[in-house]
$ cat work26.txt   # compact mmCIF, N, CA and C atoms
# COMPACT_ATOMS: atom_id res chain seq x y z
N MET A 1437 7.79 3.27 -3.09
CA MET A 1437 7.87 3.42 -1.65
C MET A 1437 6.68 4.25 -1.18
N ARG A 1438 6.09 3.86 -0.09
CA ARG A 1438 4.94 4.57 0.44
C ARG A 1438 5.37 5.82 1.17
N VAL A 1439 4.47 6.81 1.22
CA VAL A 1439 4.77 8.09 1.86
C VAL A 1439 5.14 7.90 3.31
N GLY A 1440 4.41 7.04 4.04
CA GLY A 1440 4.68 6.83 5.46
C GLY A 1440 6.09 6.31 5.70
N VAL A 1441 6.53 5.35 4.90
CA VAL A 1441 7.88 4.81 5.04
C VAL A 1441 8.90 5.88 4.70
N PHE A 1442 8.60 6.69 3.69
CA PHE A 1442 9.51 7.77 3.31
C PHE A 1442 9.68 8.75 4.47
N LEU A 1443 8.59 9.07 5.17
CA LEU A 1443 8.68 9.98 6.32
C LEU A 1443 9.49 9.38 7.45
N ILE A 1444 9.35 8.08 7.69
CA ILE A 1444 10.14 7.41 8.72
C ILE A 1444 11.62 7.51 8.39
N ILE A 1445 11.96 7.27 7.12
CA ILE A 1445 13.36 7.33 6.70
C ILE A 1445 13.90 8.75 6.88
N LEU A 1446 13.14 9.75 6.45
CA LEU A 1446 13.58 11.14 6.60
C LEU A 1446 13.80 11.49 8.07
N HIS A 1447 12.84 11.09 8.91
CA HIS A 1447 12.95 11.37 10.34
C HIS A 1447 14.18 10.69 10.94
N SER A 1448 14.41 9.45 10.53
CA SER A 1448 15.56 8.69 11.01
C SER A 1448 16.86 9.38 10.61
N GLN A 1449 16.94 9.81 9.35
CA GLN A 1449 18.15 10.48 8.86
C GLN A 1449 18.35 11.82 9.56
N PHE A 1450 17.25 12.55 9.80
CA PHE A 1450 17.33 13.84 10.47
C PHE A 1450 17.90 13.68 11.88
N LEU A 1451 17.47 12.62 12.56
CA LEU A 1451 17.97 12.38 13.92
C LEU A 1451 19.34 11.71 13.92
N GLY A 1452 19.80 11.27 12.75
CA GLY A 1452 21.11 10.64 12.65
C GLY A 1452 21.16 9.21 13.16
N HIS A 1453 20.02 8.53 13.17
CA HIS A 1453 19.99 7.15 13.65
C HIS A 1453 20.44 6.18 12.57
N GLN A 1454 21.20 5.21 12.99
CA GLN A 1454 21.60 4.11 12.11
C GLN A 1454 20.77 2.89 12.49
N GLY A 1455 20.79 1.88 11.63
CA GLY A 1455 20.02 0.67 11.88
C GLY A 1455 20.34 0.01 13.20
N THR A 1456 21.63 -0.06 13.53
CA THR A 1456 22.05 -0.72 14.78
C THR A 1456 21.54 0.05 15.99
N ASP A 1457 21.64 1.37 15.94
CA ASP A 1457 21.16 2.21 17.04
C ASP A 1457 19.66 2.08 17.22
N LEU A 1458 18.93 2.11 16.13
CA LEU A 1458 17.47 1.97 16.20
C LEU A 1458 17.08 0.59 16.71
N ALA A 1459 17.81 -0.42 16.31
CA ALA A 1459 17.52 -1.78 16.78
C ALA A 1459 17.69 -1.85 18.30
N ARG A 1460 18.77 -1.28 18.78
CA ARG A 1460 19.03 -1.30 20.22
C ARG A 1460 17.96 -0.52 20.98
N ARG A 1461 17.63 0.67 20.51
CA ARG A 1461 16.66 1.53 21.20
C ARG A 1461 15.24 0.98 21.12
N SER A 1462 14.91 0.30 20.04
CA SER A 1462 13.53 -0.18 19.85
C SER A 1462 13.32 -1.60 20.35
N GLY A 1463 14.42 -2.36 20.52
CA GLY A 1463 14.29 -3.76 20.92
C GLY A 1463 13.90 -4.66 19.77
N VAL A 1464 14.05 -4.15 18.55
CA VAL A 1464 13.72 -4.90 17.33
C VAL A 1464 15.04 -5.31 16.68
N SER A 1465 15.06 -6.44 16.01
CA SER A 1465 16.30 -6.89 15.38
C SER A 1465 16.77 -5.90 14.32
N ARG A 1466 18.07 -5.85 14.10
CA ARG A 1466 18.66 -4.95 13.10
C ARG A 1466 18.11 -5.27 11.71
N ALA A 1467 17.92 -6.56 11.40
CA ALA A 1467 17.39 -6.96 10.09
C ALA A 1467 15.98 -6.39 9.87
N THR A 1468 15.16 -6.42 10.92
CA THR A 1468 13.81 -5.88 10.80
C THR A 1468 13.83 -4.37 10.63
N VAL A 1469 14.70 -3.70 11.38
CA VAL A 1469 14.84 -2.25 11.23
C VAL A 1469 15.24 -1.90 9.80
N ILE A 1470 16.16 -2.65 9.24
CA ILE A 1470 16.60 -2.42 7.87
C ILE A 1470 15.45 -2.66 6.88
N ARG A 1471 14.64 -3.70 7.13
CA ARG A 1471 13.48 -3.96 6.26
C ARG A 1471 12.49 -2.80 6.32
N ILE A 1472 12.24 -2.30 7.53
CA ILE A 1472 11.29 -1.19 7.68
C ILE A 1472 11.82 0.06 6.99
N LEU A 1473 13.09 0.39 7.24
CA LEU A 1473 13.66 1.60 6.65
C LEU A 1473 13.90 1.46 5.15
N GLY A 1474 14.05 0.22 4.67
CA GLY A 1474 14.25 0.00 3.25
C GLY A 1474 13.00 0.31 2.44
N GLY A 1475 11.84 0.10 3.05
CA GLY A 1475 10.59 0.45 2.41
C GLY A 1475 10.12 -0.48 1.31
N LYS A 1476 10.88 -1.52 0.99
CA LYS A 1476 10.49 -2.41 -0.10
C LYS A 1476 9.90 -3.72 0.42
N ASP A 1477 10.35 -4.13 1.59
CA ASP A 1477 9.91 -5.39 2.17
C ASP A 1477 8.93 -5.08 3.29
N GLU A 1478 7.70 -5.51 3.14
CA GLU A 1478 6.68 -5.20 4.14
C GLU A 1478 6.39 -6.39 5.05
N ARG A 1479 7.38 -7.29 5.21
CA ARG A 1479 7.19 -8.46 6.07
C ARG A 1479 7.69 -8.15 7.48
N TYR A 1480 6.95 -7.34 8.18
CA TYR A 1480 7.25 -7.06 9.58
C TYR A 1480 5.93 -6.82 10.30
N SER A 1481 5.95 -7.00 11.60
CA SER A 1481 4.71 -6.88 12.36
C SER A 1481 4.43 -5.42 12.71
N VAL A 1482 3.17 -5.16 13.02
CA VAL A 1482 2.77 -3.81 13.43
C VAL A 1482 3.48 -3.45 14.73
N SER A 1483 3.65 -4.41 15.62
CA SER A 1483 4.31 -4.11 16.90
C SER A 1483 5.78 -3.72 16.67
N ASN A 1484 6.46 -4.37 15.71
CA ASN A 1484 7.84 -3.98 15.41
C ASN A 1484 7.89 -2.58 14.80
N LEU A 1485 6.95 -2.29 13.91
CA LEU A 1485 6.89 -0.95 13.32
C LEU A 1485 6.65 0.10 14.40
N GLN A 1486 5.72 -0.19 15.31
CA GLN A 1486 5.44 0.75 16.39
C GLN A 1486 6.67 0.96 17.29
N ALA A 1487 7.42 -0.10 17.55
CA ALA A 1487 8.62 0.02 18.38
C ALA A 1487 9.66 0.92 17.71
N VAL A 1488 9.87 0.75 16.41
CA VAL A 1488 10.84 1.58 15.68
C VAL A 1488 10.35 3.03 15.66
N LEU A 1489 9.07 3.23 15.39
CA LEU A 1489 8.52 4.59 15.40
C LEU A 1489 8.70 5.25 16.76
N SER A 1490 8.43 4.49 17.80
CA SER A 1490 8.58 5.02 19.16
C SER A 1490 10.03 5.43 19.43
N ALA A 1491 10.97 4.61 18.98
CA ALA A 1491 12.40 4.93 19.15
C ALA A 1491 12.78 6.20 18.39
N LEU A 1492 12.02 6.53 17.36
CA LEU A 1492 12.26 7.75 16.57
C LEU A 1492 11.45 8.94 17.07
N GLY A 1493 10.65 8.71 18.11
CA GLY A 1493 9.80 9.79 18.62
C GLY A 1493 8.57 10.01 17.75
N MET A 1494 8.17 8.98 17.03
CA MET A 1494 6.99 9.06 16.17
C MET A 1494 5.94 8.09 16.69
N LYS A 1495 4.70 8.25 16.21
CA LYS A 1495 3.66 7.28 16.58
C LYS A 1495 2.79 6.99 15.37
N MET A 1496 2.07 5.88 15.47
CA MET A 1496 1.22 5.45 14.38
C MET A 1496 -0.20 5.35 14.91
N ASP A 1497 -1.13 5.91 14.16
CA ASP A 1497 -2.54 5.80 14.51
C ASP A 1497 -3.22 4.92 13.48
N LEU A 1498 -4.02 3.99 13.95
CA LEU A 1498 -4.80 3.13 13.07
C LEU A 1498 -6.25 3.56 13.13
N MET A 1499 -6.92 3.53 11.99
CA MET A 1499 -8.33 3.86 12.00
C MET A 1499 -9.09 2.89 11.11
N ALA A 1500 -10.30 2.63 11.49
CA ALA A 1500 -11.14 1.71 10.72
C ALA A 1500 -11.68 2.41 9.48
N ILE A 1501 -11.72 1.69 8.40
CA ILE A 1501 -12.33 2.19 7.17
C ILE A 1501 -13.71 1.57 7.09
N PRO A 1502 -14.74 2.36 6.84
CA PRO A 1502 -16.08 1.77 6.73
C PRO A 1502 -16.08 0.66 5.67
N ALA A 1503 -16.86 -0.39 5.92
CA ALA A 1503 -16.87 -1.57 5.05
C ALA A 1503 -17.14 -1.20 3.59
N LYS A 1504 -18.07 -0.29 3.34
CA LYS A 1504 -18.39 0.09 1.97
C LYS A 1504 -17.19 0.73 1.30
N GLY A 1505 -16.51 1.61 2.00
CA GLY A 1505 -15.32 2.26 1.45
C GLY A 1505 -14.19 1.27 1.20
N PHE A 1506 -14.06 0.29 2.12
CA PHE A 1506 -13.03 -0.73 1.97
C PHE A 1506 -13.30 -1.58 0.74
N LYS A 1507 -14.56 -2.04 0.61
CA LYS A 1507 -14.94 -2.85 -0.55
C LYS A 1507 -14.71 -2.08 -1.85
N ASP A 1508 -15.08 -0.82 -1.85
CA ASP A 1508 -14.92 0.00 -3.05
C ASP A 1508 -13.45 0.15 -3.40
N SER A 1509 -12.62 0.34 -2.40
CA SER A 1509 -11.18 0.50 -2.63
C SER A 1509 -10.58 -0.78 -3.22
N ILE A 1510 -10.93 -1.93 -2.66
CA ILE A 1510 -10.41 -3.21 -3.17
C ILE A 1510 -10.92 -3.46 -4.58
N ALA A 1511 -12.21 -3.19 -4.81
CA ALA A 1511 -12.79 -3.40 -6.14
C ALA A 1511 -12.14 -2.48 -7.16
N THR A 1512 -11.83 -1.24 -6.79
CA THR A 1512 -11.17 -0.30 -7.70
C THR A 1512 -9.78 -0.80 -8.07
N GLN A 1513 -9.03 -1.27 -7.08
CA GLN A 1513 -7.69 -1.81 -7.35
C GLN A 1513 -7.76 -2.98 -8.32
N LYS A 1514 -8.68 -3.90 -8.06
CA LYS A 1514 -8.82 -5.08 -8.93
C LYS A 1514 -9.25 -4.68 -10.33
N ALA A 1515 -10.21 -3.75 -10.43
CA ALA A 1515 -10.71 -3.31 -11.73
C ALA A 1515 -9.59 -2.66 -12.54
N LYS A 1516 -8.81 -1.82 -11.89
CA LYS A 1516 -7.68 -1.16 -12.59
C LYS A 1516 -6.68 -2.20 -13.08
N ARG A 1517 -6.42 -3.21 -12.25
CA ARG A 1517 -5.48 -4.25 -12.64
C ARG A 1517 -6.00 -5.05 -13.83
N LEU A 1518 -7.29 -5.40 -13.80
CA LEU A 1518 -7.89 -6.13 -14.91
C LEU A 1518 -7.89 -5.32 -16.19
N ILE A 1519 -8.25 -4.05 -16.08
CA ILE A 1519 -8.28 -3.17 -17.26
C ILE A 1519 -6.87 -3.02 -17.83
N ALA A 1520 -5.89 -2.86 -16.96
CA ALA A 1520 -4.50 -2.72 -17.43
C ALA A 1520 -4.05 -3.98 -18.17
N LEU A 1521 -4.46 -5.15 -17.67
CA LEU A 1521 -4.11 -6.40 -18.35
C LEU A 1521 -4.71 -6.47 -19.74
N THR A 1522 -5.99 -6.10 -19.84
CA THR A 1522 -6.63 -6.18 -21.16
C THR A 1522 -6.12 -5.08 -22.09
N GLN A 1523 -5.82 -3.91 -21.54
CA GLN A 1523 -5.29 -2.84 -22.38
C GLN A 1523 -3.89 -3.17 -22.86
N GLY A 1524 -3.16 -3.92 -22.07
CA GLY A 1524 -1.82 -4.34 -22.49
C GLY A 1524 -1.89 -5.24 -23.70
N ASN A 1525 -2.98 -6.01 -23.80
CA ASN A 1525 -3.15 -6.90 -24.94
C ASN A 1525 -3.63 -6.18 -26.18
N VAL A 1526 -4.32 -5.08 -25.99
CA VAL A 1526 -4.83 -4.31 -27.12
C VAL A 1526 -4.35 -2.86 -27.00
N ALA A 1527 -3.06 -2.70 -26.91
CA ALA A 1527 -2.45 -1.41 -26.62
C ALA A 1527 -2.87 -0.31 -27.58
N LEU A 1528 -2.89 -0.58 -28.86
CA LEU A 1528 -3.23 0.46 -29.82
C LEU A 1528 -4.69 0.89 -29.69
N GLU A 1529 -5.58 -0.06 -29.42
CA GLU A 1529 -6.99 0.27 -29.27
C GLU A 1529 -7.22 1.12 -28.03
N SER A 1530 -6.49 0.88 -26.96
CA SER A 1530 -6.70 1.61 -25.71
C SER A 1530 -6.29 3.07 -25.81
N GLN A 1531 -5.44 3.40 -26.77
CA GLN A 1531 -5.02 4.79 -26.92
C GLN A 1531 -6.16 5.67 -27.39
N ALA A 1532 -7.15 5.08 -28.07
CA ALA A 1532 -8.24 5.86 -28.62
C ALA A 1532 -9.42 5.98 -27.66
N VAL A 1533 -9.34 5.42 -26.46
CA VAL A 1533 -10.45 5.44 -25.51
C VAL A 1533 -10.48 6.78 -24.79
N PRO A 1534 -11.60 7.52 -24.92
CA PRO A 1534 -11.70 8.80 -24.21
C PRO A 1534 -11.76 8.59 -22.69
N ALA A 1535 -11.37 9.60 -21.92
CA ALA A 1535 -11.31 9.49 -20.46
C ALA A 1535 -12.67 9.15 -19.86
N THR A 1536 -13.74 9.73 -20.38
CA THR A 1536 -15.07 9.44 -19.81
C THR A 1536 -15.45 7.98 -20.04
N SER A 1537 -15.12 7.47 -21.21
CA SER A 1537 -15.41 6.07 -21.52
C SER A 1537 -14.58 5.15 -20.63
N ALA A 1538 -13.32 5.52 -20.39
CA ALA A 1538 -12.45 4.72 -19.53
C ALA A 1538 -12.99 4.69 -18.10
N GLN A 1539 -13.50 5.83 -17.61
CA GLN A 1539 -14.06 5.90 -16.26
C GLN A 1539 -15.33 5.05 -16.17
N GLU A 1540 -16.16 5.10 -17.21
CA GLU A 1540 -17.38 4.28 -17.24
C GLU A 1540 -17.01 2.79 -17.22
N HIS A 1541 -15.99 2.44 -17.98
CA HIS A 1541 -15.53 1.04 -18.02
C HIS A 1541 -15.02 0.61 -16.65
N LEU A 1542 -14.29 1.50 -15.97
CA LEU A 1542 -13.78 1.21 -14.63
C LEU A 1542 -14.94 0.98 -13.66
N GLU A 1543 -15.94 1.86 -13.70
CA GLU A 1543 -17.09 1.72 -12.79
C GLU A 1543 -17.87 0.43 -13.07
N ALA A 1544 -18.05 0.10 -14.35
CA ALA A 1544 -18.76 -1.13 -14.70
C ALA A 1544 -17.99 -2.37 -14.23
N THR A 1545 -16.68 -2.34 -14.40
CA THR A 1545 -15.84 -3.46 -13.96
C THR A 1545 -15.89 -3.60 -12.45
N LYS A 1546 -15.84 -2.47 -11.73
CA LYS A 1546 -15.95 -2.49 -10.27
C LYS A 1546 -17.27 -3.11 -9.84
N ALA A 1547 -18.34 -2.72 -10.49
CA ALA A 1547 -19.66 -3.24 -10.14
C ALA A 1547 -19.73 -4.75 -10.34
N ARG A 1548 -19.13 -5.23 -11.43
CA ARG A 1548 -19.11 -6.68 -11.67
C ARG A 1548 -18.29 -7.41 -10.62
N ILE A 1549 -17.19 -6.81 -10.22
CA ILE A 1549 -16.33 -7.43 -9.20
C ILE A 1549 -17.07 -7.51 -7.86
N VAL A 1550 -17.70 -6.42 -7.46
CA VAL A 1550 -18.40 -6.39 -6.17
C VAL A 1550 -19.58 -7.36 -6.16
N SER A 1551 -20.28 -7.49 -7.28
CA SER A 1551 -21.46 -8.36 -7.33
C SER A 1551 -21.11 -9.83 -7.59
N SER A 1552 -19.83 -10.11 -7.82
CA SER A 1552 -19.40 -11.47 -8.08
C SER A 1552 -19.57 -12.36 -6.85
N SER A 1553 -19.73 -13.65 -7.09
CA SER A 1553 -19.85 -14.57 -5.96
C SER A 1553 -18.48 -14.92 -5.37
N ARG A 1554 -17.39 -14.55 -6.07
CA ARG A 1554 -16.04 -14.79 -5.55
C ARG A 1554 -15.77 -13.83 -4.41
N LYS A 1555 -14.92 -14.25 -3.52
CA LYS A 1555 -14.52 -13.37 -2.44
C LYS A 1555 -13.77 -12.17 -3.02
N LEU A 1556 -14.05 -11.01 -2.50
CA LEU A 1556 -13.49 -9.77 -3.02
C LEU A 1556 -11.97 -9.75 -2.98
N TRP A 1557 -11.39 -10.33 -1.94
CA TRP A 1557 -9.93 -10.26 -1.79
C TRP A 1557 -9.22 -11.45 -2.40
N ALA A 1558 -9.94 -12.36 -3.03
CA ALA A 1558 -9.29 -13.46 -3.74
C ALA A 1558 -8.62 -12.92 -4.99
N SER A 1559 -7.56 -13.55 -5.44
CA SER A 1559 -6.82 -13.06 -6.61
C SER A 1559 -7.62 -13.06 -7.86
$ encode --input "work26.txt" --output "structure tokens"
Amino acid sequence: MRVGVFLIILHSQFLGHQGTDLARRSGVSRATVIRILGGKDERYSVSNLQAVLSALGMKMDLMAIPAKGFKDSIATQKAKRLIALTQGNVALESQAVPATSAQEHLEATKARIVSSSRKLWAS
């Protein structure tokens, strides 16, 4: 569960709001309120999230991430996922990899991902 969703749930519980009450106050369906408060299903719109937050007396601020930082973040996620897959196949060998070597491997994998001709966000 993400920290933001956890804070929404805590705030909701502190105010004593139930799903039905929040749905009525926010104008969002009860099912969507439950999805938002459940924190596991992220299939809801930003406008619905903002409506629920507003009903709780909270607000959400969006900010742009510079393109370089965004690319680096996506490449890091992909590199970690790829490394985890390969380490899962050679579990015993990965135990002997020093932290500096693992970081170098992560950086090299990120560089290959960013320089690839495939779209960065493709699977």
$ atom_distance --input "work26.txt" --atom1 "atom C of A:Leu1489" --atom2 "atom N of A:Pro1502"
25.6 Å
$ atom_distance --input "work26.txt" --atom1 "atom N of A:Lys1516" --atom2 "atom C of A:Thr1545"
7.3 Å
$ closest_residue --input "work26.txt" --among "A:Val1550, A:Ile1470, A:Ala1538, A:Leu1492" --to "A:Ala1520" --atoms "only C-alpha atoms"
A:Ala1538
$ residues_around --input "work26.txt" --residues "A:Thr1468" --least-positions-apart "2" --cutoff "8 Å" --atoms "all atoms listed in the file" --output "list in words"
Ala1459, Val1464, Ser1465, Arg1466, Ile1470, Arg1471, Ile1472, Leu1473, Gly1474, Arg1479, Tyr1480, Ser1481, Asn1484 and Leu1485 of chain A
$ closest_residue --input "work26.txt" --among "A:Leu1521, A:Ser1462, A:Ser1537, A:Gly1505" --to "A:Gln1486" --atoms "all atoms listed in the file"
A:Ser1462
$ atom_distance --input "work26.txt" --atom1 "atom CA of A:Phe1506" --atom2 "atom CA of A:Gly1475"
23.7 Å
$ closest_residue --input "work26.txt" --among "A:Ala1547, A:Ala1535, A:Leu1542, A:Leu1458" --to "A:Ala1491" --atoms "all atoms listed in the file"
A:Leu1458
$ residues_near_point --input "work26.txt" --point "(-16.0, 0.0, -11.2)" --cutoff "10 Å" --atoms "only C-alpha atoms" --output "PDB file with N, CA and C atoms, keeping the file's coordinate frame"
ATOM      1  N   ASP A1508     -15.080  -0.820  -1.850  1.00  0.00           N
ATOM      2  CA  ASP A1508     -14.920   0.000  -3.050  1.00  0.00           C
ATOM      3  C   ASP A1508     -13.450   0.150  -3.400  1.00  0.00           C
ATOM      4  N   SER A1509     -12.620   0.340  -2.400  1.00  0.00           N
ATOM      5  CA  SER A1509     -11.180   0.500  -2.630  1.00  0.00           C
ATOM      6  C   SER A1509     -10.580  -0.780  -3.220  1.00  0.00           C
ATOM      7  N   ALA A1511     -12.210  -3.190  -4.810  1.00  0.00           N
ATOM      8  CA  ALA A1511     -12.790  -3.400  -6.140  1.00  0.00           C
ATOM      9  C   ALA A1511     -12.140  -2.480  -7.160  1.00  0.00           C
ATOM     10  N   THR A1512     -11.830  -1.240  -6.790  1.00  0.00           N
ATOM     11  CA  THR A1512     -11.170  -0.300  -7.700  1.00  0.00           C
ATOM     12  C   THR A1512      -9.780  -0.800  -8.070  1.00  0.00           C
ATOM     13  N   GLN A1513      -9.030  -1.270  -7.080  1.00  0.00           N
ATOM     14  CA  GLN A1513      -7.690  -1.810  -7.350  1.00  0.00           C
ATOM     15  C   GLN A1513      -7.760  -2.980  -8.320  1.00  0.00           C
ATOM     16  N   LYS A1514      -8.680  -3.900  -8.060  1.00  0.00           N
ATOM     17  CA  LYS A1514      -8.820  -5.080  -8.930  1.00  0.00           C
ATOM     18  C   LYS A1514      -9.250  -4.680 -10.330  1.00  0.00           C
ATOM     19  N   ALA A1515     -10.210  -3.750 -10.430  1.00  0.00           N
ATOM     20  CA  ALA A1515     -10.710  -3.310 -11.730  1.00  0.00           C
ATOM     21  C   ALA A1515      -9.590  -2.660 -12.540  1.00  0.00           C
ATOM     22  N   LYS A1516      -8.810  -1.820 -11.890  1.00  0.00           N
ATOM     23  CA  LYS A1516      -7.680  -1.160 -12.590  1.00  0.00           C
ATOM     24  C   LYS A1516      -6.680  -2.200 -13.080  1.00  0.00           C
ATOM     25  N   GLN A1539     -13.500   5.830 -17.610  1.00  0.00           N
ATOM     26  CA  GLN A1539     -14.060   5.900 -16.260  1.00  0.00           C
ATOM     27  C   GLN A1539     -15.330   5.050 -16.170  1.00  0.00           C
ATOM     28  N   GLU A1540     -16.160   5.100 -17.210  1.00  0.00           N
ATOM     29  CA  GLU A1540     -17.380   4.280 -17.240  1.00  0.00           C
ATOM     30  C   GLU A1540     -17.010   2.790 -17.220  1.00  0.00           C
ATOM     31  N   HIS A1541     -15.990   2.440 -17.980  1.00  0.00           N
ATOM     32  CA  HIS A1541     -15.530   1.040 -18.020  1.00  0.00           C
ATOM     33  C   HIS A1541     -15.020   0.610 -16.650  1.00  0.00           C
ATOM     34  N   LEU A1542     -14.290   1.500 -15.970  1.00  0.00           N
ATOM     35  CA  LEU A1542     -13.780   1.210 -14.630  1.00  0.00           C
ATOM     36  C   LEU A1542     -14.940   0.980 -13.660  1.00  0.00           C
ATOM     37  N   GLU A1543     -15.940   1.860 -13.700  1.00  0.00           N
ATOM     38  CA  GLU A1543     -17.090   1.720 -12.790  1.00  0.00           C
ATOM     39  C   GLU A1543     -17.870   0.430 -13.070  1.00  0.00           C
ATOM     40  N   ALA A1544     -18.050   0.100 -14.350  1.00  0.00           N
ATOM     41  CA  ALA A1544     -18.760  -1.130 -14.700  1.00  0.00           C
ATOM     42  C   ALA A1544     -17.990  -2.370 -14.230  1.00  0.00           C
ATOM     43  N   THR A1545     -16.680  -2.340 -14.400  1.00  0.00           N
ATOM     44  CA  THR A1545     -15.840  -3.460 -13.960  1.00  0.00           C
ATOM     45  C   THR A1545     -15.890  -3.600 -12.450  1.00  0.00           C
ATOM     46  N   LYS A1546     -15.840  -2.470 -11.730  1.00  0.00           N
ATOM     47  CA  LYS A1546     -15.950  -2.490 -10.270  1.00  0.00           C
ATOM     48  C   LYS A1546     -17.270  -3.110  -9.840  1.00  0.00           C
ATOM     49  N   ALA A1547     -18.340  -2.720 -10.490  1.00  0.00           N
ATOM     50  CA  ALA A1547     -19.660  -3.240 -10.140  1.00  0.00           C
ATOM     51  C   ALA A1547     -19.730  -4.750 -10.340  1.00  0.00           C
ATOM     52  N   ARG A1548     -19.130  -5.230 -11.430  1.00  0.00           N
ATOM     53  CA  ARG A1548     -19.110  -6.680 -11.670  1.00  0.00           C
ATOM     54  C   ARG A1548     -18.290  -7.410 -10.620  1.00  0.00           C
ATOM     55  N   ILE A1549     -17.190  -6.810 -10.220  1.00  0.00           N
ATOM     56  CA  ILE A1549     -16.330  -7.430  -9.200  1.00  0.00           C
ATOM     57  C   ILE A1549     -17.070  -7.510  -7.860  1.00  0.00           C
ATOM     58  N   VAL A1550     -17.700  -6.420  -7.460  1.00  0.00           N
ATOM     59  CA  VAL A1550     -18.400  -6.390  -6.170  1.00  0.00           C
ATOM     60  C   VAL A1550     -19.580  -7.360  -6.160  1.00  0.00           C
TER      61      VAL A1550
END
$ select_by_dssp --input "work26.txt" --residues "stretch 1449-1547 of chain A" --states "alpha helix (DSSP H)" --output "number ranges by chain"
A: 1449-1451, 1455-1462, 1466-1474, 1482-1491, 1503-1525, 1527-1530, 1535-1547
$ closest_residue --input "work26.txt" --among "A:Ile1519, A:Val1482, A:Gly1455, A:Met1499" --to "A:Val1469" --atoms "only N, CA and C atoms"
A:Gly1455
